[in-house]
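This report refers to the structure that appears directly beneath it.
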Amino acid sequence: MKRLQTKTTRLIAQTFERLDYQKLGTIYCDEGGEAFWEDRREPCRTLGIALADVLLNRLQPDGRSLYVGAGVAEIPMLFMEALDLERHIDAFNLRIAEVAAVNQACKGLPLRISAIDARSARGSYDHLWIVSVLNDPEQYPNVSALSYGRANPVTFNPNAFLEERTNIMAFAEACLKKLAMPALVSTSVEEIPWITDWCDRNRIQYRVEEDDYPTAIVEDPVCFIRIGEK
Ligand SMILES: C[S@@+](CC[C@H](N)C(=O)[O-])C[C@H]1O[C@@H](n2cnc3c(N)ncnc32)[C@H](O)[C@@H]1O
């Protein structure tokens, strides 16, 4: 199994050292943000590097990746793709303050996140990273409650759920149709149904890999789906 170059792991460590955790604390938590990052920053780096090692063995050099919702958790993967595989990366995240914090920590390094809608990405990709986006409780509270088994049948709002589901399906479609087959989708286990539903509706073959991998911030396990392979 290939592993990240030492140069890459060193730059990842430097970037984690340079991040403004005070600012990130206010973005990620209503209170207790500094304690949250004190606890999470090291697992975020180490689990991120372990996951980047896994991804390194699934992508080809010189391809193109689309990252939706790329933030601190994605730093190891983004560096791996840029430095070890020399791939083209388009990374997006609507949390403006997080994008500013990551871009500031990456000044002078080949990593930039855009604080705009990922649907505006141009061209085609052979890798889509979409992790903990389609089940985000902030954006989709009802879908998220159902996905994580937290929905209360007494108070659950089916009409709001239906609207969220329609929006998620349209958003997933907008991202997935940018893929040139065969392609890899990196996503959380909870988001698998959105990806496989799109494949089924478009008669595209897929294979969900059996293994999944831990993450340190949202803590959704990540898995890989190979789509459009013969
Ligand atoms: C719950 S966070 C997950 C972030 C990260 N993947 C992680 O696991 O820590 C979801 C992120 O998706 C971003 N997002 C949602 N819709 C987006 C869109 N249309 N374009 C770009 N980013 C989007 C949000 O801004 C948010 O930062």
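Just so we're on the same page: first chain in the structure tokens is A, next is B, and so on; residues restart at 1 for each chain, and ligands are numbered from 1 in the order they show up.
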
Report as a PyMOL selection string all protein, DNA and RNA residues lying within 6 Å of Asp212 of chain A, evaluated on only C-alpha atoms, omitting residues in the same chain fewer than 5 positions from it. chain A and resi 221-223

Please extract the residues at most 7 Å from ligand 1, counting only C-alpha atoms and all ligand atoms, and provide them as a PyMOL selection string, using the chain letters and residue numbers of this document. chain A and resi 68-74+92-95+116-119+130-133+136+217-218

How close does segment 172-226 of chain A get to segment 44-57 of chain A? List, as CSV, each residue of segment 172-226 of chain A within 9 Å, its nearest atom pair and the distance in Å to one decimal, counting only C-alpha atoms.
```
residue,atom,partner,partner_atom,distance
A:Ser186,CA,A:Leu55,CA,8.6
A:Tyr213,CA,A:Leu51,CA,6.8
A:Pro214,CA,A:Leu47,CA,6.9
A:Thr215,CA,A:Leu47,CA,6.0
A:Ala216,CA,A:Cys44,CA,4.9
A:Ile217,CA,A:Cys44,CA,6.7
A:Val222,CA,A:Leu51,CA,8.5
A:Phe224,CA,A:Leu55,CA,8.8
```

All strand (DSSP E) positions in segment 26-208 of chain A, as an MDAnalysis selection string: chainID A and resid 64:68 88:92 125:130 179:188 206:208

Identify, on the basis of only C-alpha atoms, every residue whose closest approach to segment 149-162 of chain A does not exceed 12 Å; exclude the query and any residue fewer than 5 positions from it along the same chain; express the result as a PDB file with C-alpha atoms, in the first residue's frame.
```pdb
ATOM      1  CA  ASN A 135     -27.107  14.922   5.915  1.00  0.00           C
ATOM      2  CA  PRO A 137     -28.304  18.944  10.438  1.00  0.00           C
ATOM      3  CA  GLN A 139     -29.066  22.636   6.356  1.00  0.00           C
ATOM      4  CA  TYR A 140     -31.363  19.589   6.425  1.00  0.00           C
ATOM      5  CA  PRO A 141     -32.627  19.127  10.020  1.00  0.00           C
ATOM      6  CA  ASN A 142     -35.430  16.696   9.191  1.00  0.00           C
ATOM      7  CA  VAL A 143     -33.488  14.505   6.779  1.00  0.00           C
ATOM      8  CA  SER A 144     -30.613  14.485   9.238  1.00  0.00           C
ATOM      9  CA  ASN A 167     -33.518  19.766  -2.542  1.00  0.00           C
ATOM     10  CA  ILE A 168     -30.928  17.120  -1.635  1.00  0.00           C
ATOM     11  CA  MET A 169     -31.790  14.982  -4.654  1.00  0.00           C
ATOM     12  CA  GLU A 190     -25.154   7.935   5.964  1.00  0.00           C
TER      13      GLU A 190
END
```

In Å and to one decimal, atom CA of Asp39 of chain A is distant from atom CA of Thr6 of chain A by 24.6 Å

Considering only C-alpha atoms, return as an MDAnalysis selection string whatever protein or nucleic-acid residues lie within 12 Å of Cys106 of chain A, sequence-local ones (same chain, fewer than 3 positions apart) excluded. chainID A and resid 11:20 71:72 75:76 78:79 99:103 109:113

Please report, as a short mmCIF file (atom, residue, chain, number, x, y, z; two decimals) with N, CA and C atoms, in the first residue's frame, each residue of segment 21-194 of chain A to which DSSP assigns alpha helix (DSSP H) when run on this structure's backbone.
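New file states-v7.cif:
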```cif
data_model
loop_
_atom_site.label_atom_id
_atom_site.label_comp_id
_atom_site.auth_asym_id
_atom_site.auth_seq_id
_atom_site.Cartn_x
_atom_site.Cartn_y
_atom_site.Cartn_z
N TYR A 21 -7.37 28.30 15.91
CA TYR A 21 -8.38 27.47 16.56
C TYR A 21 -9.40 28.29 17.35
N GLN A 22 -9.00 29.50 17.72
CA GLN A 22 -9.96 30.37 18.41
C GLN A 22 -11.10 30.72 17.45
N LYS A 23 -10.68 31.12 16.23
CA LYS A 23 -11.68 31.47 15.21
C LYS A 23 -12.51 30.23 14.84
N LEU A 24 -11.83 29.10 14.64
CA LEU A 24 -12.54 27.87 14.26
C LEU A 24 -13.51 27.45 15.36
N GLY A 25 -13.14 27.70 16.60
CA GLY A 25 -14.00 27.35 17.73
C GLY A 25 -15.35 28.05 17.63
N THR A 26 -15.32 29.32 17.24
CA THR A 26 -16.59 30.06 17.15
C THR A 26 -17.41 29.61 15.94
N ILE A 27 -16.72 29.06 14.92
CA ILE A 27 -17.43 28.61 13.73
C ILE A 27 -18.11 27.25 14.00
N TYR A 28 -17.40 26.39 14.70
CA TYR A 28 -17.88 25.02 14.89
C TYR A 28 -18.79 24.82 16.09
N GLY A 33 -15.71 26.07 22.09
CA GLY A 33 -15.01 25.85 20.83
C GLY A 33 -13.53 25.54 20.99
N GLU A 34 -12.87 26.24 21.91
CA GLU A 34 -11.43 26.00 22.08
C GLU A 34 -11.16 24.61 22.63
N ALA A 35 -11.98 24.20 23.61
CA ALA A 35 -11.82 22.85 24.18
C ALA A 35 -12.11 21.80 23.12
N PHE A 36 -13.10 22.08 22.26
CA PHE A 36 -13.44 21.15 21.17
C PHE A 36 -12.22 20.92 20.29
N TRP A 37 -11.54 22.00 19.89
CA TRP A 37 -10.39 21.84 18.98
C TRP A 37 -9.17 21.29 19.69
N GLU A 38 -9.03 21.62 20.97
CA GLU A 38 -7.94 21.06 21.76
C GLU A 38 -8.03 19.52 21.72
N ASP A 39 -9.28 19.05 21.83
CA ASP A 39 -9.53 17.62 21.84
C ASP A 39 -9.46 17.01 20.43
N ARG A 40 -9.91 17.74 19.39
CA ARG A 40 -10.12 17.17 18.06
C ARG A 40 -8.99 17.38 17.06
N ARG A 41 -8.14 18.39 17.30
CA ARG A 41 -7.20 18.74 16.22
C ARG A 41 -6.23 17.62 15.91
N GLU A 42 -5.71 16.92 16.92
CA GLU A 42 -4.74 15.86 16.67
C GLU A 42 -5.42 14.64 16.01
N PRO A 43 -6.59 14.15 16.53
CA PRO A 43 -7.28 13.08 15.81
C PRO A 43 -7.67 13.48 14.38
N CYS A 44 -8.00 14.76 14.20
CA CYS A 44 -8.38 15.22 12.86
C CYS A 44 -7.19 15.08 11.91
N ARG A 45 -6.01 15.42 12.39
CA ARG A 45 -4.79 15.29 11.57
C ARG A 45 -4.46 13.81 11.33
N THR A 46 -4.43 13.01 12.41
CA THR A 46 -3.96 11.62 12.26
C THR A 46 -4.99 10.76 11.49
N LEU A 47 -6.28 10.89 11.83
CA LEU A 47 -7.28 10.11 11.08
C LEU A 47 -7.37 10.61 9.64
N GLY A 48 -7.16 11.92 9.45
CA GLY A 48 -7.17 12.50 8.10
C GLY A 48 -6.03 11.94 7.26
N ILE A 49 -4.85 11.82 7.85
CA ILE A 49 -3.70 11.27 7.12
C ILE A 49 -3.95 9.78 6.81
N ALA A 50 -4.53 9.05 7.78
CA ALA A 50 -4.82 7.62 7.53
C ALA A 50 -5.81 7.48 6.37
N LEU A 51 -6.81 8.37 6.33
CA LEU A 51 -7.80 8.33 5.26
C LEU A 51 -7.18 8.77 3.93
N ALA A 52 -6.30 9.75 3.99
CA ALA A 52 -5.61 10.20 2.77
C ALA A 52 -4.75 9.08 2.19
N ASP A 53 -4.13 8.26 3.07
CA ASP A 53 -3.38 7.08 2.60
C ASP A 53 -4.29 6.13 1.81
N VAL A 54 -5.49 5.92 2.35
CA VAL A 54 -6.44 5.01 1.70
C VAL A 54 -6.85 5.57 0.34
N LEU A 55 -7.15 6.86 0.33
CA LEU A 55 -7.59 7.51 -0.91
C LEU A 55 -6.47 7.53 -1.96
N LEU A 56 -5.25 7.72 -1.50
CA LEU A 56 -4.08 7.72 -2.39
C LEU A 56 -4.04 6.45 -3.25
N ILE A 75 -8.22 18.79 4.89
CA ILE A 75 -6.85 19.27 4.62
C ILE A 75 -5.90 18.12 4.21
N PRO A 76 -5.87 16.99 4.94
CA PRO A 76 -4.93 15.93 4.53
C PRO A 76 -5.21 15.38 3.12
N MET A 77 -6.50 15.20 2.79
CA MET A 77 -6.84 14.66 1.47
C MET A 77 -6.45 15.64 0.37
N LEU A 78 -6.70 16.92 0.62
CA LEU A 78 -6.40 17.93 -0.40
C LEU A 78 -4.90 18.02 -0.66
N PHE A 79 -4.10 17.98 0.40
CA PHE A 79 -2.64 18.01 0.21
C PHE A 79 -2.16 16.75 -0.50
N ILE A 96 -18.01 30.74 4.97
CA ILE A 96 -17.00 31.72 4.55
C ILE A 96 -15.86 31.83 5.57
N ALA A 97 -16.21 31.86 6.85
CA ALA A 97 -15.18 32.07 7.89
C ALA A 97 -14.24 30.86 7.96
N GLU A 98 -14.75 29.66 7.77
CA GLU A 98 -13.87 28.47 7.79
C GLU A 98 -12.94 28.49 6.57
N VAL A 99 -13.49 28.86 5.42
CA VAL A 99 -12.67 28.94 4.21
C VAL A 99 -11.53 29.94 4.43
N ALA A 100 -11.85 31.09 5.02
CA ALA A 100 -10.81 32.11 5.27
C ALA A 100 -9.75 31.55 6.21
N ALA A 101 -10.16 30.82 7.25
CA ALA A 101 -9.20 30.28 8.22
C ALA A 101 -8.29 29.24 7.57
N VAL A 102 -8.87 28.36 6.75
CA VAL A 102 -8.05 27.32 6.10
C VAL A 102 -7.12 27.97 5.07
N ASN A 103 -7.66 28.86 4.25
CA ASN A 103 -6.81 29.49 3.22
C ASN A 103 -5.68 30.29 3.86
N GLN A 104 -5.96 30.94 4.99
CA GLN A 104 -4.92 31.70 5.70
C GLN A 104 -3.80 30.76 6.17
N ALA A 105 -4.19 29.60 6.71
CA ALA A 105 -3.19 28.64 7.21
C ALA A 105 -2.40 28.02 6.06
N PRO A 141 -32.36 19.67 8.68
CA PRO A 141 -32.63 19.13 10.02
C PRO A 141 -33.51 17.88 10.03
N ASN A 142 -34.51 17.84 9.15
CA ASN A 142 -35.43 16.70 9.19
C ASN A 142 -34.83 15.45 8.55
N VAL A 143 -34.17 15.64 7.41
CA VAL A 143 -33.49 14.51 6.78
C VAL A 143 -32.41 13.98 7.71
N SER A 144 -31.69 14.89 8.34
CA SER A 144 -30.61 14.49 9.24
C SER A 144 -31.17 13.67 10.41
N ALA A 145 -32.27 14.14 11.01
CA ALA A 145 -32.87 13.42 12.14
C ALA A 145 -33.24 12.00 11.73
N LEU A 146 -33.79 11.88 10.52
CA LEU A 146 -34.19 10.55 10.03
C LEU A 146 -32.96 9.69 9.73
N SER A 147 -31.97 10.27 9.06
CA SER A 147 -30.76 9.51 8.68
C SER A 147 -30.03 8.96 9.89
N PRO A 158 -43.25 15.93 8.28
CA PRO A 158 -43.06 15.25 6.98
C PRO A 158 -43.03 16.22 5.80
N ASN A 159 -43.74 17.35 5.91
CA ASN A 159 -43.74 18.29 4.78
C ASN A 159 -42.38 18.96 4.62
N ALA A 160 -41.81 19.34 5.76
CA ALA A 160 -40.46 19.93 5.69
C ALA A 160 -39.46 18.89 5.21
N PHE A 161 -39.63 17.64 5.65
CA PHE A 161 -38.75 16.56 5.19
C PHE A 161 -38.81 16.42 3.66
N LEU A 162 -40.04 16.42 3.12
CA LEU A 162 -40.20 16.24 1.67
C LEU A 162 -39.48 17.33 0.90
N GLU A 163 -39.57 18.56 1.39
CA GLU A 163 -38.90 19.68 0.71
C GLU A 163 -37.38 19.49 0.76
N GLU A 164 -36.89 19.10 1.95
CA GLU A 164 -35.44 18.86 2.08
C GLU A 164 -34.99 17.74 1.15
N ARG A 165 -35.78 16.68 1.11
CA ARG A 165 -35.38 15.54 0.26
C ARG A 165 -35.32 15.94 -1.21
N THR A 166 -36.30 16.74 -1.66
CA THR A 166 -36.28 17.20 -3.05
C THR A 166 -35.03 18.04 -3.31
N ASN A 167 -34.70 18.91 -2.37
CA ASN A 167 -33.52 19.77 -2.54
C ASN A 167 -32.23 18.94 -2.57
N ILE A 168 -32.15 17.95 -1.68
CA ILE A 168 -30.93 17.12 -1.63
C ILE A 168 -30.78 16.32 -2.93
N MET A 169 -31.88 15.78 -3.43
CA MET A 169 -31.79 14.98 -4.65
C MET A 169 -31.33 15.86 -5.82
N ALA A 170 -31.83 17.09 -5.88
CA ALA A 170 -31.42 18.00 -6.95
C ALA A 170 -29.95 18.39 -6.78
N PHE A 171 -29.53 18.59 -5.54
CA PHE A 171 -28.14 18.97 -5.29
C PHE A 171 -27.20 17.81 -5.63
N ALA A 172 -27.55 16.60 -5.19
CA ALA A 172 -26.73 15.42 -5.49
C ALA A 172 -26.61 15.24 -6.99
N GLU A 173 -27.72 15.43 -7.68
CA GLU A 173 -27.72 15.30 -9.15
C GLU A 173 -26.78 16.33 -9.79
N ALA A 174 -26.85 17.57 -9.30
CA ALA A 174 -26.01 18.63 -9.87
C ALA A 174 -24.52 18.31 -9.70
N CYS A 175 -24.17 17.66 -8.60
CA CYS A 175 -22.75 17.31 -8.37
C CYS A 175 -22.37 16.05 -9.14
N LEU A 176 -23.21 15.03 -9.05
CA LEU A 176 -22.87 13.73 -9.64
C LEU A 176 -22.80 13.80 -11.16
N ILE A 192 -24.77 7.31 1.58
CA ILE A 192 -24.75 6.31 0.49
C ILE A 192 -26.07 6.29 -0.29
N PRO A 193 -27.24 6.29 0.39
CA PRO A 193 -28.50 6.16 -0.38
C PRO A 193 -28.71 7.25 -1.43
N TRP A 194 -28.21 8.46 -1.16
CA TRP A 194 -28.40 9.54 -2.14
C TRP A 194 -27.59 9.26 -3.41
#
```

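Atom CA of Lys230 of chain A is positioned 16.0 Å from atom CA of Val185 of chain A.
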
Nearest residue to Arg203 of chain A from the set A:Glu219, A:Glu191, A:Gln60, A:Glu229 (distances using only C-alpha atoms): A:Glu229

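Here atom CA of Ser124 of chain A and atom CA of Thr9 of chain A stand 28.4 Å from one another.
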
Do you know which residues are at most 9 Å from Gly63 of chain A counting only C-alpha atoms, after dropping those on the same chain fewer than 6 positions away, and could you put them as a PDB file with C-alpha atoms, in the first residue's frame?
```pdb
ATOM      1  CA  LEU A  85      -0.794  12.722  -7.135  1.00  0.00           C
ATOM      2  CA  GLU A  86      -0.531  16.180  -8.717  1.00  0.00           C
ATOM      3  CA  ARG A  87      -4.241  16.180  -9.428  1.00  0.00           C
ATOM      4  CA  HIS A  88      -6.396  19.205 -10.215  1.00  0.00           C
ATOM      5  CA  ILE A  89      -8.654  20.070  -7.268  1.00  0.00           C
ATOM      6  CA  TYR A 125     -14.187  15.104 -12.592  1.00  0.00           C
ATOM      7  CA  ASP A 126     -13.215  11.513 -11.854  1.00  0.00           C
ATOM      8  CA  HIS A 127     -13.515  11.947  -8.078  1.00  0.00           C
TER       9      HIS A 127
END
```

As an mmCIF file with N, CA and C atoms, in the first residue's frame, please: the residues near Tyr206 of chain A (cut-off 10 Å, only C-alpha atoms, same-chain neighbours under 2 positions excluded).
```cif
data_model
loop_
_atom_site.group_PDB
_atom_site.id
_atom_site.type_symbol
_atom_site.label_atom_id
_atom_site.label_comp_id
_atom_site.auth_asym_id
_atom_site.auth_seq_id
_atom_site.Cartn_x
_atom_site.Cartn_y
_atom_site.Cartn_z
ATOM 1 N N PRO A 182 -15.340 5.923 -15.639
ATOM 2 C CA PRO A 182 -15.627 5.527 -14.278
ATOM 3 C C PRO A 182 -15.113 6.566 -13.296
ATOM 4 N N ALA A 183 -15.758 6.608 -12.126
ATOM 5 C CA ALA A 183 -15.390 7.632 -11.148
ATOM 6 C C ALA A 183 -15.491 7.064 -9.734
ATOM 7 N N LEU A 184 -14.891 7.808 -8.826
ATOM 8 C CA LEU A 184 -14.935 7.421 -7.415
ATOM 9 C C LEU A 184 -15.715 8.482 -6.642
ATOM 10 N N VAL A 185 -16.590 8.035 -5.748
ATOM 11 C CA VAL A 185 -17.259 8.973 -4.851
ATOM 12 C C VAL A 185 -16.833 8.629 -3.429
ATOM 13 N N ILE A 195 -26.407 8.688 -3.217
ATOM 14 C CA ILE A 195 -25.525 8.419 -4.367
ATOM 15 C C ILE A 195 -26.063 7.222 -5.154
ATOM 16 N N THR A 196 -26.413 6.169 -4.439
ATOM 17 C CA THR A 196 -26.851 4.956 -5.145
ATOM 18 C C THR A 196 -28.225 5.181 -5.804
ATOM 19 N N CYS A 199 -27.505 6.772 -9.082
ATOM 20 C CA CYS A 199 -26.969 5.764 -10.008
ATOM 21 C C CYS A 199 -28.099 4.892 -10.541
ATOM 22 N N ASP A 200 -28.980 4.443 -9.646
ATOM 23 C CA ASP A 200 -30.093 3.581 -10.076
ATOM 24 C C ASP A 200 -30.964 4.308 -11.094
ATOM 25 N N ARG A 203 -29.293 4.460 -14.361
ATOM 26 C CA ARG A 203 -28.806 3.147 -14.849
ATOM 27 C C ARG A 203 -27.291 3.105 -14.939
ATOM 28 N N ILE A 204 -26.667 3.573 -13.873
ATOM 29 C CA ILE A 204 -25.203 3.548 -13.788
ATOM 30 C C ILE A 204 -24.825 2.506 -12.734
ATOM 31 N N VAL A 208 -20.367 -0.297 -3.736
ATOM 32 C CA VAL A 208 -19.997 0.346 -2.471
ATOM 33 C C VAL A 208 -18.948 -0.542 -1.809
ATOM 34 N N GLU A 209 -17.775 0.021 -1.549
ATOM 35 C CA GLU A 209 -16.738 -0.779 -0.883
ATOM 36 C C GLU A 209 -17.205 -1.176 0.512
ATOM 37 N N ILE A 225 -17.398 4.704 -3.072
ATOM 38 C CA ILE A 225 -18.316 4.077 -4.029
ATOM 39 C C ILE A 225 -17.695 4.214 -5.421
ATOM 40 N N ARG A 226 -17.515 3.071 -6.064
ATOM 41 C CA ARG A 226 -16.970 3.099 -7.431
ATOM 42 C C ARG A 226 -18.152 3.107 -8.375
ATOM 43 N N ILE A 227 -18.225 4.112 -9.230
ATOM 44 C CA ILE A 227 -19.398 4.171 -10.113
ATOM 45 C C ILE A 227 -18.984 4.182 -11.583
ATOM 46 N N GLY A 228 -19.873 3.576 -12.375
ATOM 47 C CA GLY A 228 -19.666 3.558 -13.822
ATOM 48 C C GLY A 228 -18.549 2.639 -14.284
ATOM 49 N N GLU A 229 -18.156 1.685 -13.419
ATOM 50 C CA GLU A 229 -17.116 0.731 -13.837
ATOM 51 C C GLU A 229 -17.786 -0.385 -14.621
ATOM 52 N N LYS A 230 -17.096 -0.890 -15.639
ATOM 53 C CA LYS A 230 -17.672 -2.009 -16.422
ATOM 54 C C LYS A 230 -17.497 -3.306 -15.639
#
```

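Between Leu66 of chain A and the residues A:Cys29, A:Ala180, A:Leu134, A:Leu4, the shortest atom-to-atom distance, using only C-alpha atoms, involves A:Ala180.
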